Amino acid sequence: MFILRLLIAAMVVSYVIWLFYNRVMGKNLGLSKVATWVLAATFLIYLILSGLSYFVEGF
């Protein structure tokens, strides 16, 4: 369930970034490209923080 909430939040952030780039900046970016980068960054941050938590709290 946690991963699903993370996925939904990443998609909302992707849409906001895409909307900003297309409307405000005037650039033509694809939503799939933005969503891919945001999802990759989100899960990378999640893995780094969970690994750090694992090492700090102990094996």
# chains A, B, ... in the order shown; residues from 1 in each chain; ligands from 1

$ residues_around --residues "region 11-28 of chain A" --least-positions-apart "6" --cutoff "12 Å" --atoms "only C-alpha atoms" --output "NGL selection string"
:A and (4-5 or 34-42)

$ atom_distance --atom1 "CA of Leu7 (chain A)" --atom2 "CA of Phe55 (chain A)"
25.0 Å

$ residues_around --residues "Ile3 (chain A)" --least-positions-apart "6" --cutoff "12 Å" --atoms "only C-alpha atoms" --output "NGL selection string"
:A and (9-10 or 39 or 42-43 or 46-47)

$ select_by_dssp --residues "chain A" --states "alpha helix (DSSP H)" --output "VMD selection string"
chain A and resid 2 to 19 31 to 57

$ write_last_selection --atoms "C-alpha atoms" --output "mmCIF file, in the first residue's frame"
data_model
loop_
_atom_site.group_PDB
_atom_site.id
_atom_site.type_symbol
_atom_site.label_atom_id
_atom_site.label_comp_id
_atom_site.auth_asym_id
_atom_site.auth_seq_id
_atom_site.Cartn_x
_atom_site.Cartn_y
_atom_site.Cartn_z
ATOM 1 C CA PHE A 2 2.906 2.323 0.749
ATOM 2 C CA ILE A 3 4.354 1.818 -2.731
ATOM 3 C CA LEU A 4 0.978 2.645 -4.281
ATOM 4 C CA ARG A 5 0.834 5.964 -2.428
ATOM 5 C CA LEU A 6 4.402 6.690 -3.503
ATOM 6 C CA LEU A 7 3.484 5.913 -7.115
ATOM 7 C CA ILE A 8 0.423 8.170 -7.038
ATOM 8 C CA ALA A 9 2.416 11.031 -5.491
ATOM 9 C CA ALA A 10 5.116 10.620 -8.156
ATOM 10 C CA MET A 11 2.516 10.743 -10.933
ATOM 11 C CA VAL A 12 0.941 13.909 -9.502
ATOM 12 C CA VAL A 13 4.363 15.562 -9.248
ATOM 13 C CA SER A 14 5.115 14.458 -12.826
ATOM 14 C CA TYR A 15 1.914 16.039 -14.082
ATOM 15 C CA VAL A 16 2.627 19.316 -12.266
ATOM 16 C CA ILE A 17 6.167 19.471 -13.669
ATOM 17 C CA TRP A 18 4.903 18.615 -17.165
ATOM 18 C CA LEU A 19 2.178 21.272 -16.948
ATOM 19 C CA LEU A 31 4.466 13.474 -20.109
ATOM 20 C CA SER A 32 5.879 9.959 -20.336
ATOM 21 C CA LYS A 33 9.443 11.284 -20.342
ATOM 22 C CA VAL A 34 8.826 13.444 -17.270
ATOM 23 C CA ALA A 35 6.988 10.629 -15.495
ATOM 24 C CA THR A 36 9.831 8.205 -16.170
ATOM 25 C CA TRP A 37 12.434 10.540 -14.692
ATOM 26 C CA VAL A 38 10.302 11.405 -11.656
ATOM 27 C CA LEU A 39 9.505 7.746 -10.958
ATOM 28 C CA ALA A 40 13.145 6.751 -11.295
ATOM 29 C CA ALA A 41 14.248 9.558 -8.966
ATOM 30 C CA THR A 42 11.507 8.763 -6.443
ATOM 31 C CA PHE A 43 12.364 5.099 -6.168
ATOM 32 C CA LEU A 44 16.094 5.813 -6.091
ATOM 33 C CA ILE A 45 15.587 8.206 -3.179
ATOM 34 C CA TYR A 46 13.361 5.621 -1.480
ATOM 35 C CA LEU A 47 15.996 2.906 -1.862
ATOM 36 C CA ILE A 48 18.788 5.147 -0.593
ATOM 37 C CA LEU A 49 16.825 6.279 2.459
ATOM 38 C CA SER A 50 15.612 2.778 3.311
ATOM 39 C CA GLY A 51 19.146 1.422 2.970
ATOM 40 C CA LEU A 52 20.481 4.191 5.177
ATOM 41 C CA SER A 53 17.786 3.466 7.734
ATOM 42 C CA TYR A 54 18.688 -0.214 7.638
ATOM 43 C CA PHE A 55 22.349 0.503 8.338
ATOM 44 C CA VAL A 56 21.723 3.126 11.026
ATOM 45 C CA GLU A 57 19.225 1.011 12.973
#
